[in-house]
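> This is the content of final_3.pdb (PDB, C-alpha atoms, pLDDT in the B column):
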```pdb
ATOM      1  CA  ARG C  24       0.000   0.000   0.000  1.00 45.00           C
ATOM      2  CA  MET C  25       1.366   3.414  -0.983  1.00 44.00           C
ATOM      3  CA  LEU C  26       1.944   5.961   1.809  1.00 41.00           C
ATOM      4  CA  ASN C  27       0.141   9.273   1.445  1.00 46.00           C
ATOM      5  CA  VAL C  28       3.302  11.367   1.805  1.00 39.00           C
ATOM      6  CA  ARG C  29       1.565  14.590   0.828  1.00 45.00           C
ATOM      7  CA  GLY C  30      -0.976  14.081   3.588  1.00 45.00           C
ATOM      8  CA  ILE C  31       1.735  13.429   6.150  1.00 38.00           C
ATOM      9  CA  VAL C  32       3.585  16.621   5.172  1.00 39.00           C
ATOM     10  CA  ALA C  33       0.421  18.662   5.434  1.00 43.00           C
ATOM     11  CA  SER C  34      -0.421  17.239   8.845  1.00 41.00           C
ATOM     12  CA  VAL C  35       2.923  17.935  10.501  1.00 40.00           C
ATOM     13  CA  PRO C  36       3.582  21.594  11.366  1.00 42.00           C
ATOM     14  CA  ASN C  37       6.916  22.923  10.063  1.00 43.00           C
ATOM     15  CA  PHE C  38       7.583  19.519   8.438  1.00 34.00           C
ATOM     16  CA  ARG C  39      10.052  20.878   5.882  1.00 38.00           C
ATOM     17  CA  ARG C  40      11.998  22.849   8.459  1.00 38.00           C
ATOM     18  CA  ALA C  41      12.105  19.862  10.812  1.00 34.00           C
ATOM     19  CA  CYS C  42      13.385  17.559   8.078  1.00 32.00           C
ATOM     20  CA  TRP C  43      16.272  19.850   7.242  1.00 30.00           C
ATOM     21  CA  THR C  44      17.253  20.797  10.785  1.00 35.00           C
ATOM     22  CA  PRO C  45      20.328  18.909  12.027  1.00 36.00           C
ATOM     23  CA  VAL C  46      19.564  16.405  14.762  1.00 31.00           C
ATOM     24  CA  PHE C  47      22.000  18.019  17.204  1.00 30.00           C
ATOM     25  CA  ALA C  48      20.150  21.321  16.835  1.00 36.00           C
ATOM     26  CA  LEU C  49      16.910  19.694  17.923  1.00 35.00           C
ATOM     27  CA  ARG C  50      18.393  18.260  21.100  1.00 43.00           C
ATOM     28  CA  LYS C  51      18.606  21.194  23.491  1.00 43.00           C
ATOM     29  CA  SER C  52      19.157  20.692  27.150  1.00 51.00           C
ATOM     30  CA  PRO C  53      16.542  22.080  29.560  1.00 56.00           C
ATOM     31  CA  GLU C  54      19.105  24.686  30.636  1.00 55.00           C
ATOM     32  CA  GLU C  55      19.606  25.869  27.048  1.00 48.00           C
ATOM     33  CA  GLY C  56      15.880  26.138  26.508  1.00 54.00           C
ATOM     34  CA  VAL C  57      15.448  28.240  29.639  1.00 56.00           C
ATOM     35  CA  ALA C  58      18.353  30.464  28.625  1.00 55.00           C
ATOM     36  CA  VAL C  59      16.851  31.130  25.199  1.00 49.00           C
ATOM     37  CA  GLN C  60      13.461  31.899  26.729  1.00 59.00           C
ATOM     38  CA  ASP C  61      15.046  34.262  29.242  1.00 56.00           C
ATOM     39  CA  MET C  62      16.944  36.060  26.475  1.00 45.00           C
ATOM     40  CA  GLU C  63      13.797  36.480  24.390  1.00 48.00           C
ATOM     41  CA  LYS C  64      11.915  37.801  27.417  1.00 53.00           C
ATOM     42  CA  ARG C  65      14.700  40.288  28.203  1.00 47.00           C
ATOM     43  CA  GLN C  66      14.775  41.528  24.610  1.00 44.00           C
ATOM     44  CA  THR C  67      11.008  41.978  24.535  1.00 50.00           C
ATOM     45  CA  ARG C  68      11.023  43.695  27.928  1.00 56.00           C
ATOM     46  CA  SER C  69      13.937  45.923  26.896  1.00 68.00           C
ATOM     47  CA  VAL C  70      12.131  47.198  23.795  1.00 72.00           C
ATOM     48  CA  SER C  71       8.882  47.646  25.711  1.00 74.00           C
ATOM     49  CA  GLU C  72      10.590  49.550  28.499  1.00 79.00           C
ATOM     50  CA  ALA C  73      12.453  51.712  25.987  1.00 82.00           C
ATOM     51  CA  LEU C  74       9.228  52.724  24.256  1.00 86.00           C
ATOM     52  CA  THR C  75       7.768  53.830  27.576  1.00 90.00           C
ATOM     53  CA  GLY C  76      11.072  55.150  28.957  1.00 94.00           C
ATOM     54  CA  ARG C  77      11.145  58.703  30.228  1.00 96.00           C
ATOM     55  CA  ASN C  78      13.996  59.840  28.008  1.00 97.00           C
ATOM     56  CA  ARG C  79      12.491  58.350  24.845  1.00 97.00           C
ATOM     57  CA  ARG C  80       9.116  59.911  25.632  1.00 97.00           C
ATOM     58  CA  PHE C  81      10.676  63.280  26.438  1.00 98.00           C
ATOM     59  CA  TYR C  82      12.613  63.335  23.163  1.00 98.00           C
ATOM     60  CA  SER C  83       9.425  62.335  21.330  1.00 98.00           C
ATOM     61  CA  ASN C  84       7.688  65.395  22.842  1.00 98.00           C
ATOM     62  CA  GLU C  85       5.324  63.180  24.838  1.00 98.00           C
ATOM     63  CA  LEU C  86       6.536  63.915  28.382  1.00 98.00           C
ATOM     64  CA  ARG C  87       7.387  67.121  30.223  1.00 98.00           C
ATOM     65  CA  SER C  88      10.702  67.452  31.996  1.00 97.00           C
ATOM     66  CA  GLU C  89      10.621  67.781  35.773  1.00 96.00           C
ATOM     67  CA  PRO C  90      10.755  69.712  38.013  1.00 95.00           C
ATOM     68  CA  GLN C  91       9.295  72.971  36.671  1.00 95.00           C
ATOM     69  CA  GLY C  92       9.984  71.881  33.112  1.00 97.00           C
ATOM     70  CA  ASP C  93       8.128  71.541  29.848  1.00 98.00           C
ATOM     71  CA  LEU C  94       7.820  69.541  26.658  1.00 98.00           C
ATOM     72  CA  ILE C  95      11.046  69.546  24.702  1.00 98.00           C
ATOM     73  CA  ASP C  96       9.583  71.467  21.749  1.00 98.00           C
ATOM     74  CA  ASN C  97       8.457  74.203  24.127  1.00 98.00           C
ATOM     75  CA  ILE C  98      11.882  74.318  25.749  1.00 98.00           C
ATOM     76  CA  HIS C  99      13.504  74.758  22.364  1.00 98.00           C
ATOM     77  CA  GLN C 100      11.047  77.479  21.418  1.00 98.00           C
ATOM     78  CA  HIS C 101      10.731  79.443  24.647  1.00 98.00           C
ATOM     79  CA  TRP C 102      13.904  78.810  26.649  1.00 98.00           C
ATOM     80  CA  ASP C 103      16.374  79.463  23.837  1.00 98.00           C
ATOM     81  CA  GLY C 104      18.245  82.664  24.671  1.00 97.00           C
ATOM     82  CA  ASN C 105      16.702  82.931  28.138  1.00 98.00           C
ATOM     83  CA  PHE C 106      20.106  82.877  29.775  1.00 98.00           C
ATOM     84  CA  ASP C 107      18.955  83.731  33.298  1.00 98.00           C
ATOM     85  CA  LEU C 108      16.576  80.756  33.282  1.00 98.00           C
ATOM     86  CA  LEU C 109      19.157  78.399  31.810  1.00 98.00           C
ATOM     87  CA  GLU C 110      21.704  79.470  34.398  1.00 98.00           C
ATOM     88  CA  ALA C 111      19.455  79.246  37.448  1.00 96.00           C
ATOM     89  CA  HIS C 112      17.395  76.166  36.550  1.00 96.00           C
ATOM     90  CA  HIS C 113      19.208  72.984  37.533  1.00 94.00           C
ATOM     91  CA  GLY C 114      16.685  70.368  36.424  1.00 96.00           C
ATOM     92  CA  TYR C 115      16.633  70.543  32.626  1.00 97.00           C
ATOM     93  CA  ILE C 116      20.142  69.522  31.612  1.00 97.00           C
ATOM     94  CA  GLN C 117      19.587  65.892  32.687  1.00 97.00           C
ATOM     95  CA  TRP C 118      16.594  65.714  30.325  1.00 98.00           C
ATOM     96  CA  LEU C 119      18.154  67.445  27.347  1.00 98.00           C
ATOM     97  CA  PHE C 120      21.351  65.396  27.690  1.00 98.00           C
ATOM     98  CA  PRO C 121      20.655  62.043  29.379  1.00 98.00           C
ATOM     99  CA  VAL C 122      23.527  59.613  29.940  1.00 97.00           C
ATOM    100  CA  PHE C 123      23.878  55.953  30.868  1.00 97.00           C
ATOM    101  CA  GLU C 124      25.791  56.680  34.036  1.00 93.00           C
ATOM    102  CA  ASN C 125      23.139  58.436  36.145  1.00 90.00           C
ATOM    103  CA  ASN C 126      20.438  61.089  36.295  1.00 86.00           C
ATOM    104  CA  GLY C 127      22.735  63.603  37.926  1.00 85.00           C
ATOM    105  CA  MET C 128      21.312  65.749  40.702  1.00 86.00           C
ATOM    106  CA  ASN C 129      17.733  65.473  39.415  1.00 92.00           C
ATOM    107  CA  TYR C 130      15.872  62.568  41.008  1.00 92.00           C
ATOM    108  CA  ARG C 131      12.892  63.228  38.710  1.00 94.00           C
ATOM    109  CA  ALA C 132      14.992  62.510  35.638  1.00 95.00           C
ATOM    110  CA  ALA C 133      16.151  59.034  34.660  1.00 95.00           C
ATOM    111  CA  ALA C 134      19.416  57.536  33.501  1.00 96.00           C
ATOM    112  CA  LEU C 135      19.409  56.760  29.790  1.00 97.00           C
ATOM    113  CA  THR C 136      18.997  53.076  28.956  1.00 96.00           C
ATOM    114  CA  LYS C 137      20.846  51.544  26.027  1.00 96.00           C
ATOM    115  CA  ALA C 138      17.565  50.512  24.426  1.00 96.00           C
ATOM    116  CA  GLU C 139      16.254  54.078  24.696  1.00 97.00           C
ATOM    117  CA  ALA C 140      19.444  55.458  23.199  1.00 97.00           C
ATOM    118  CA  LYS C 141      19.142  53.093  20.248  1.00 97.00           C
ATOM    119  CA  LEU C 142      15.556  54.199  19.612  1.00 97.00           C
ATOM    120  CA  ILE C 143      16.530  57.872  19.791  1.00 98.00           C
ATOM    121  CA  ARG C 144      19.471  57.317  17.436  1.00 98.00           C
ATOM    122  CA  GLY C 145      17.103  55.687  14.965  1.00 98.00           C
ATOM    123  CA  ASP C 146      14.387  58.359  15.049  1.00 98.00           C
ATOM    124  CA  LEU C 147      14.899  61.359  12.742  1.00 98.00           C
ATOM    125  CA  ASN C 148      12.576  63.632  14.716  1.00 98.00           C
ATOM    126  CA  CYS C 149      14.435  62.822  17.925  1.00 98.00           C
ATOM    127  CA  ALA C 150      17.736  63.444  16.137  1.00 98.00           C
ATOM    128  CA  ARG C 151      16.629  66.903  15.072  1.00 98.00           C
ATOM    129  CA  ARG C 152      15.649  67.648  18.647  1.00 98.00           C
ATOM    130  CA  VAL C 153      19.103  66.587  19.854  1.00 98.00           C
ATOM    131  CA  ILE C 154      20.605  69.160  17.485  1.00 98.00           C
ATOM    132  CA  LEU C 155      18.236  71.852  18.759  1.00 98.00           C
ATOM    133  CA  SER C 156      19.184  70.989  22.348  1.00 98.00           C
ATOM    134  CA  TYR C 157      22.829  71.316  21.405  1.00 99.00           C
ATOM    135  CA  ARG C 158      22.275  74.635  19.645  1.00 98.00           C
ATOM    136  CA  LEU C 159      20.424  75.952  22.699  1.00 98.00           C
ATOM    137  CA  MET C 160      23.339  75.165  24.993  1.00 98.00           C
ATOM    138  CA  LEU C 161      25.974  76.340  22.539  1.00 98.00           C
ATOM    139  CA  LYS C 162      24.287  79.755  22.434  1.00 98.00           C
ATOM    140  CA  PHE C 163      24.227  79.752  26.233  1.00 98.00           C
ATOM    141  CA  TYR C 164      28.008  79.346  26.137  1.00 98.00           C
ATOM    142  CA  GLY C 165      28.480  81.973  23.413  1.00 98.00           C
ATOM    143  CA  LEU C 166      28.936  79.506  20.560  1.00 98.00           C
ATOM    144  CA  ARG C 167      27.112  78.422  17.419  1.00 98.00           C
ATOM    145  CA  LEU C 168      26.987  75.246  15.368  1.00 98.00           C
ATOM    146  CA  VAL C 169      28.562  75.972  11.992  1.00 98.00           C
ATOM    147  CA  ASP C 170      28.275  72.555  10.331  1.00 98.00           C
ATOM    148  CA  GLU C 171      25.587  70.013  11.276  1.00 98.00           C
ATOM    149  CA  GLN C 172      27.401  67.212   9.469  1.00 98.00           C
ATOM    150  CA  ALA C 173      30.881  67.684  10.914  1.00 98.00           C
ATOM    151  CA  GLY C 174      29.936  69.336  14.209  1.00 98.00           C
ATOM    152  CA  GLU C 175      32.180  72.386  13.743  1.00 98.00           C
ATOM    153  CA  VAL C 176      31.502  75.173  16.239  1.00 98.00           C
ATOM    154  CA  ALA C 177      32.562  78.811  16.396  1.00 98.00           C
ATOM    155  CA  ARG C 178      32.086  81.901  18.527  1.00 98.00           C
ATOM    156  CA  ASP C 179      28.747  83.657  18.291  1.00 98.00           C
ATOM    157  CA  PRO C 180      29.927  87.121  17.202  1.00 98.00           C
ATOM    158  CA  GLN C 181      27.303  88.966  19.267  1.00 98.00           C
ATOM    159  CA  LEU C 182      27.323  86.815  22.388  1.00 98.00           C
ATOM    160  CA  TRP C 183      30.683  85.243  23.003  1.00 98.00           C
ATOM    161  CA  ARG C 184      32.238  87.889  25.264  1.00 98.00           C
ATOM    162  CA  SER C 185      29.361  88.074  27.740  1.00 98.00           C
ATOM    163  CA  ARG C 186      28.714  84.322  27.667  1.00 98.00           C
ATOM    164  CA  TYR C 187      32.384  83.454  28.125  1.00 98.00           C
ATOM    165  CA  ALA C 188      32.355  85.742  31.178  1.00 98.00           C
ATOM    166  CA  ASN C 189      29.310  83.897  32.530  1.00 98.00           C
ATOM    167  CA  LEU C 190      30.962  80.529  31.947  1.00 98.00           C
ATOM    168  CA  THR C 191      34.060  81.725  33.790  1.00 97.00           C
ATOM    169  CA  ARG C 192      31.986  82.897  36.766  1.00 96.00           C
ATOM    170  CA  ASN C 193      29.748  79.838  37.065  1.00 97.00           C
ATOM    171  CA  SER C 194      31.859  76.724  37.302  1.00 96.00           C
ATOM    172  CA  HIS C 195      28.890  74.358  37.660  1.00 96.00           C
ATOM    173  CA  ASN C 196      28.648  74.681  33.888  1.00 98.00           C
ATOM    174  CA  PHE C 197      31.875  72.705  33.559  1.00 98.00           C
ATOM    175  CA  LEU C 198      30.026  69.596  34.739  1.00 97.00           C
ATOM    176  CA  ARG C 199      27.189  70.388  32.335  1.00 98.00           C
ATOM    177  CA  ILE C 200      29.660  70.408  29.453  1.00 98.00           C
ATOM    178  CA  SER C 201      30.994  66.999  30.512  1.00 98.00           C
ATOM    179  CA  ARG C 202      27.432  65.667  30.473  1.00 98.00           C
ATOM    180  CA  ILE C 203      26.725  67.224  27.073  1.00 98.00           C
ATOM    181  CA  LEU C 204      29.825  65.616  25.576  1.00 98.00           C
ATOM    182  CA  THR C 205      28.965  62.192  26.959  1.00 98.00           C
ATOM    183  CA  SER C 206      25.323  62.401  25.930  1.00 98.00           C
ATOM    184  CA  LEU C 207      26.116  63.504  22.388  1.00 98.00           C
ATOM    185  CA  GLY C 208      28.075  60.300  21.893  1.00 98.00           C
ATOM    186  CA  GLN C 209      25.324  58.097  23.264  1.00 98.00           C
ATOM    187  CA  LEU C 210      22.515  59.821  21.313  1.00 98.00           C
ATOM    188  CA  GLY C 211      24.215  59.375  17.939  1.00 98.00           C
ATOM    189  CA  PHE C 212      26.317  62.529  17.669  1.00 98.00           C
ATOM    190  CA  ALA C 213      29.743  61.303  18.729  1.00 98.00           C
ATOM    191  CA  ARG C 214      31.271  63.251  15.834  1.00 98.00           C
ATOM    192  CA  TYR C 215      30.212  66.487  17.578  1.00 98.00           C
ATOM    193  CA  LYS C 216      32.369  65.827  20.631  1.00 98.00           C
ATOM    194  CA  ARG C 217      35.845  66.489  19.278  1.00 98.00           C
ATOM    195  CA  PRO C 218      35.073  69.834  17.558  1.00 98.00           C
ATOM    196  CA  LEU C 219      33.657  71.244  20.790  1.00 98.00           C
ATOM    197  CA  VAL C 220      36.619  70.144  22.863  1.00 98.00           C
ATOM    198  CA  GLN C 221      39.056  71.423  20.243  1.00 98.00           C
ATOM    199  CA  HIS C 222      37.319  74.793  20.291  1.00 98.00           C
ATOM    200  CA  PHE C 223      37.677  75.076  24.063  1.00 98.00           C
ATOM    201  CA  GLU C 224      41.284  73.927  23.836  1.00 98.00           C
ATOM    202  CA  HIS C 225      42.039  76.628  21.265  1.00 98.00           C
ATOM    203  CA  GLU C 226      40.332  79.339  23.321  1.00 98.00           C
ATOM    204  CA  ILE C 227      42.225  78.356  26.461  1.00 98.00           C
ATOM    205  CA  GLU C 228      45.660  77.574  25.021  1.00 97.00           C
ATOM    206  CA  GLN C 229      45.858  79.964  22.071  1.00 97.00           C
ATOM    207  CA  GLU C 230      43.484  82.841  22.819  1.00 97.00           C
ATOM    208  CA  GLY C 231      43.947  83.055  26.579  1.00 97.00           C
ATOM    209  CA  ASN C 232      40.220  82.885  27.279  1.00 98.00           C
ATOM    210  CA  LEU C 233      38.278  80.674  29.696  1.00 98.00           C
ATOM    211  CA  LYS C 234      41.331  80.027  31.848  1.00 96.00           C
ATOM    212  CA  SER C 235      39.176  78.729  34.682  1.00 97.00           C
ATOM    213  CA  CYS C 236      38.076  75.893  32.396  1.00 98.00           C
ATOM    214  CA  LYS C 237      41.584  74.514  31.930  1.00 98.00           C
ATOM    215  CA  GLY C 238      41.343  71.965  34.727  1.00 97.00           C
ATOM    216  CA  SER C 239      38.104  70.538  33.360  1.00 98.00           C
ATOM    217  CA  LEU C 240      39.509  70.520  29.835  1.00 98.00           C
ATOM    218  CA  THR C 241      42.536  68.496  30.904  1.00 98.00           C
ATOM    219  CA  ARG C 242      40.904  66.141  33.396  1.00 97.00           C
ATOM    220  CA  PHE C 243      37.499  65.547  31.837  1.00 97.00           C
ATOM    221  CA  TRP C 244      36.738  66.983  28.390  1.00 98.00           C
ATOM    222  CA  LEU C 245      39.838  65.824  26.534  1.00 98.00           C
ATOM    223  CA  PRO C 246      39.633  62.254  27.928  1.00 97.00           C
ATOM    224  CA  LEU C 247      36.020  62.078  26.743  1.00 97.00           C
ATOM    225  CA  VAL C 248      37.277  62.249  23.149  1.00 97.00           C
ATOM    226  CA  THR C 249      40.767  60.748  23.354  1.00 97.00           C
ATOM    227  CA  THR C 250      40.276  57.700  25.601  1.00 97.00           C
ATOM    228  CA  GLU C 251      36.945  56.273  24.410  1.00 95.00           C
ATOM    229  CA  ASN C 252      38.277  52.727  24.223  1.00 93.00           C
ATOM    230  CA  SER C 253      40.070  52.717  27.567  1.00 96.00           C
ATOM    231  CA  ALA C 254      38.916  50.656  30.515  1.00 95.00           C
ATOM    232  CA  ALA C 255      38.574  53.797  32.645  1.00 94.00           C
ATOM    233  CA  TYR C 256      36.339  55.479  30.067  1.00 96.00           C
ATOM    234  CA  ILE C 257      34.138  52.403  29.677  1.00 95.00           C
ATOM    235  CA  LYS C 258      33.823  52.029  33.461  1.00 94.00           C
ATOM    236  CA  LYS C 259      32.881  55.683  33.865  1.00 94.00           C
ATOM    237  CA  THR C 260      30.439  56.081  30.962  1.00 96.00           C
ATOM    238  CA  LEU C 261      29.181  52.465  30.707  1.00 96.00           C
ATOM    239  CA  GLU C 262      29.598  52.769  26.925  1.00 96.00           C
ATOM    240  CA  SER C 263      30.693  50.203  24.393  1.00 95.00           C
ATOM    241  CA  PRO C 264      31.714  51.168  20.834  1.00 95.00           C
ATOM    242  CA  GLU C 265      28.310  50.261  19.363  1.00 96.00           C
ATOM    243  CA  ASP C 266      26.703  52.758  21.749  1.00 97.00           C
ATOM    244  CA  ARG C 267      28.405  55.520  19.756  1.00 97.00           C
ATOM    245  CA  ALA C 268      26.782  54.536  16.456  1.00 97.00           C
ATOM    246  CA  ASP C 269      25.752  57.409  14.213  1.00 98.00           C
ATOM    247  CA  SER C 270      22.286  58.867  14.412  1.00 98.00           C
ATOM    248  CA  VAL C 271      19.906  58.257  11.528  1.00 98.00           C
ATOM    249  CA  PHE C 272      20.370  61.997  10.874  1.00 98.00           C
ATOM    250  CA  PHE C 273      23.688  61.203   9.176  1.00 98.00           C
ATOM    251  CA  ARG C 274      22.188  58.411   7.085  1.00 90.00           C
ATOM    252  CA  THR C 275      19.459  60.435   5.371  1.00 77.00           C
TER
END
```
Could you show the structure in this file as structure tokens?

Amino acid sequence: RMLNVRGIVASVPNFRRACWTPVFALRKSPEEGVAVQDMEKRQTRSVSEALTGRNRRFYSNELRSEPQGDLIDNIHQHWDGNFDLLEAHHGYIQWLFPVFENNGMNYRAAALTKAEAKLIRGDLNCARRVILSYRLMLKFYGLRLVDEQAGEVARDPQLWRSRYANLTRNSHNFLRISRILTSLGQLGFARYKRPLVQHFEHEIEQEGNLKSCKGSLTRFWLPLVTTENSAAYIKKTLESPEDRADSVFFRT
């Protein structure tokens, strides 16, 4: 009697795949099966948490910063150039420039997760908001972004003298600059880091300006661009090289 092979194939789910899967691949230990399930659960949870994460939602203009903050589009529109507010308010910088390491001195902000960072790097609208955040802070420091592709910065001809004086007087901004540099790398704009540090280095070493920044330049800002692959840098920032992947902004 002839076997109804076609009927057997139709009745067995994934028959073709099963026939061509090596026997050793079908024989997984209970431990291996649990490990795979745990990995799949972590990946699903990671994506889910990233979508609802505070930093991702803030950069998608869905969540207000805290305390006494606003939606990011409103910050870009209404806080830009409001130097007194930007100087006195200490709760916005952790939202505009989140990092893996911590949420700084703002317990209402959240440390950036790697899954959130990846989503932000892959979202063109978020990328444009990162640039606007950077422009806002550059103006606060008397600078302007000259080239969005290369990250070149220069003095703002109308503002630089007064803003350099403010930076010299208010040293808490040195820590803000360290955060900005770190965050730029993690949000897809690592190429912006070196031009900013080089500009400060030139102003301090060649122009004789911002002398009070020299310690931060040497101890913090320069290492953030020259030691990215060192064990100390990785321990401090919690970064790996893939975390500094380019934003989708540079791929459009």
> Report the distance between atom CA of C:Leu210 and atom CA of C:Pro121 in Å, rounded to one decimal place.
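Here the two named atoms are 8.6 Å from each other.
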> Expressed in Å to a single decimal, how great is the separation between atom CA of C:Asp266 and atom CA of C:Arg202?
15.6 Å
> Need the neighbours of (33.0, 74.2, 23.0): which residues are at most 8 Å away, counting all atoms listed in the file, as a list in words?
Leu161, Tyr164, Leu166, Val176, Pro218, Leu219, Val220, Gln221, His222 and Phe223 of chain C
> Could you check how far atom CA of C:Ile200 sits from atom CA of C:Tyr215, in Å to one decimal?
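Computing it gives 12.5 Å between the two atoms.
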> Which residue is closest to C:Leu233? Choose from C:Leu190, C:Arg267, C:Arg80, C:Ala111 and count only C-alpha atoms.
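The closest residue to C:Leu233 is C:Leu190.
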> Quick check on the file I pasted: which residues fall under the PyMOL selection byres ((chain C and resi 147) around 10)? Write them as a list in words.
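This file, filtered by the PyMOL selection byres ((chain C and resi 147) around 10), leaves Leu142, Ile143, Arg144, Gly145, Asp146, Asn148, Cys149, Ala150, Arg151, Arg152, Val153, Ser270, Val271, Phe272, Phe273, Arg274 and Thr275 of chain C.
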> Pick out the residues sitting within 12 Å of C:Lys237, and hand them over as a PDB file with C-alpha atoms, keeping the file's coordinate frame; count all atoms listed in the file, and ignore anything fewer than 4 positions along from it in its own chain.

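This went into out.pdb:
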```pdb
ATOM      1  CA  THR C 191      34.060  81.725  33.790  1.00 97.00           C
ATOM      2  CA  SER C 194      31.859  76.724  37.302  1.00 96.00           C
ATOM      3  CA  PHE C 197      31.875  72.705  33.559  1.00 98.00           C
ATOM      4  CA  VAL C 220      36.619  70.144  22.863  1.00 98.00           C
ATOM      5  CA  PHE C 223      37.677  75.076  24.063  1.00 98.00           C
ATOM      6  CA  GLU C 224      41.284  73.927  23.836  1.00 98.00           C
ATOM      7  CA  HIS C 225      42.039  76.628  21.265  1.00 98.00           C
ATOM      8  CA  GLU C 226      40.332  79.339  23.321  1.00 98.00           C
ATOM      9  CA  ILE C 227      42.225  78.356  26.461  1.00 98.00           C
ATOM     10  CA  GLU C 228      45.660  77.574  25.021  1.00 97.00           C
ATOM     11  CA  GLY C 231      43.947  83.055  26.579  1.00 97.00           C
ATOM     12  CA  ASN C 232      40.220  82.885  27.279  1.00 98.00           C
ATOM     13  CA  LEU C 233      38.278  80.674  29.696  1.00 98.00           C
ATOM     14  CA  THR C 241      42.536  68.496  30.904  1.00 98.00           C
ATOM     15  CA  ARG C 242      40.904  66.141  33.396  1.00 97.00           C
ATOM     16  CA  PHE C 243      37.499  65.547  31.837  1.00 97.00           C
ATOM     17  CA  TRP C 244      36.738  66.983  28.390  1.00 98.00           C
ATOM     18  CA  LEU C 245      39.838  65.824  26.534  1.00 98.00           C
TER      19      LEU C 245
END
```
> List the residues selected by the PyMOL selection byres ((chain C and resi 73) around 8) in the file shown, writing them as a ChimeraX atom specification.
/C:69-72,74-76,79,136,138-139,142
> With the file shown as input, list the residues that the PyMOL selection byres ((chain C and resi 155) around 12) selects, as a list in words.
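On the file shown, the PyMOL selection byres ((chain C and resi 155) around 12) covers Tyr82, Ile95, Asp96, Asn97, Ile98, His99, Gln100, Trp102, Asp103, Leu119, Phe120, Asn148, Cys149, Ala150, Arg151, Arg152, Val153, Ile154, Ser156, Tyr157, Arg158, Leu159, Met160, Leu161, Lys162, Arg167, Leu168 and Glu171 of chain C.
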> I'd like the contact shell of C:Asp107 - 12 Å cut-off, all atoms listed in the file, skipping same-chain residues fewer than 5 positions apart - returned as a list in words.
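Answer for this query is Trp102, His112, His113, Phe163, Arg186 and Asn189 of chain C.
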> The selected residues should be written to file as a compact mmCIF listing (two decimals), in the coordinates of the input (atoms: C-alpha atoms).

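Final output, selection_29.txt:
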```txt
# COMPACT_ATOMS: atom_id res chain seq x y z
CA TRP C 102 13.90 78.81 26.65
CA HIS C 112 17.40 76.17 36.55
CA HIS C 113 19.21 72.98 37.53
CA PHE C 163 24.23 79.75 26.23
CA ARG C 186 28.71 84.32 27.67
CA ASN C 189 29.31 83.90 32.53
```
> If we count all atoms listed in the file and set the cut-off at 9 Å, which residues sit around C:Ala213, ignoring sequence neighbours fewer than 5 positions away in its own chain? Please answer as a list in words.
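Answer for this query is Leu204, Thr205, Ser206, Leu207, Gly208, Val248, Arg267, Ala268, Asp269 and Ser270 of chain C.
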> Taking all atoms listed in the file into account, name the residue in C:Asn193, C:Asp179, C:Met128, C:Ala134 that is nearest to C:Leu109.
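Of the candidates, the smallest distance to C:Leu109 is held by C:Asn193.
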> Calculated over all atoms listed in the file, which of the candidates C:Arg199, C:Lys137, C:Asp170, C:Tyr187 has the smallest distance to C:Ile116?
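Ranked by minimum distance to C:Ile116, first place goes to C:Arg199.
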> Which one is closest to C:Arg192: C:Glu175, C:Glu251, C:Glu110, C:Asp93? Count only C-alpha atoms.
C:Glu110
> Using all atoms listed in the file, which of C:Gly238, C:Pro180, C:Gly211, C:Gly114 sits nearest C:Gln91?
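Ranked by minimum distance to C:Gln91, first place goes to C:Gly114.
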> Report as a tab-separated table: every residue of stretch 97-208 of chain C with an atom at most 8 Å from stretch 252-263 of chain C, its closest pair of atoms, and their distance in Å to one decimal, counting all atoms listed in the file, with rows sorted by chain and ascending residue number.

```
residue	atom	partner	partner_atom	distance
C:Val122	CA	C:Thr260	CA	7.8
C:Phe123	CA	C:Leu261	CA	6.3
C:Glu124	CA	C:Thr260	CA	5.6
C:Thr205	CA	C:Thr260	CA	7.5
```
> Using only C-alpha atoms, please write the residues we just selected to a file, as a compact mmCIF listing (two decimals), keeping the file's coordinate frame.

```txt
# COMPACT_ATOMS: atom_id res chain seq x y z
CA VAL C 122 23.53 59.61 29.94
CA PHE C 123 23.88 55.95 30.87
CA GLU C 124 25.79 56.68 34.04
CA THR C 205 28.96 62.19 26.96
```
> Return the padded bounding box of stretch 78-96 of chain C as AutoDock Vina command-line options: axis-aligned, built from all atoms listed in the file, 8 Å added on each side, with centre and edge lengths in Å to one decimal.

```
--center_x 9.7 --center_y 65.7 --center_z 29.7 --size_x 24.7 --size_y 30.6 --size_z 32.7
```
> Can you tell me, as a ChimeraX atom specification, what residues are no more than 7 Å from stretch 87-89 of chain C when counting all atoms listed in the file, ignoring any on the same chain fewer than 3 positions away?
/C:81,92-94,114-115,118,131-132
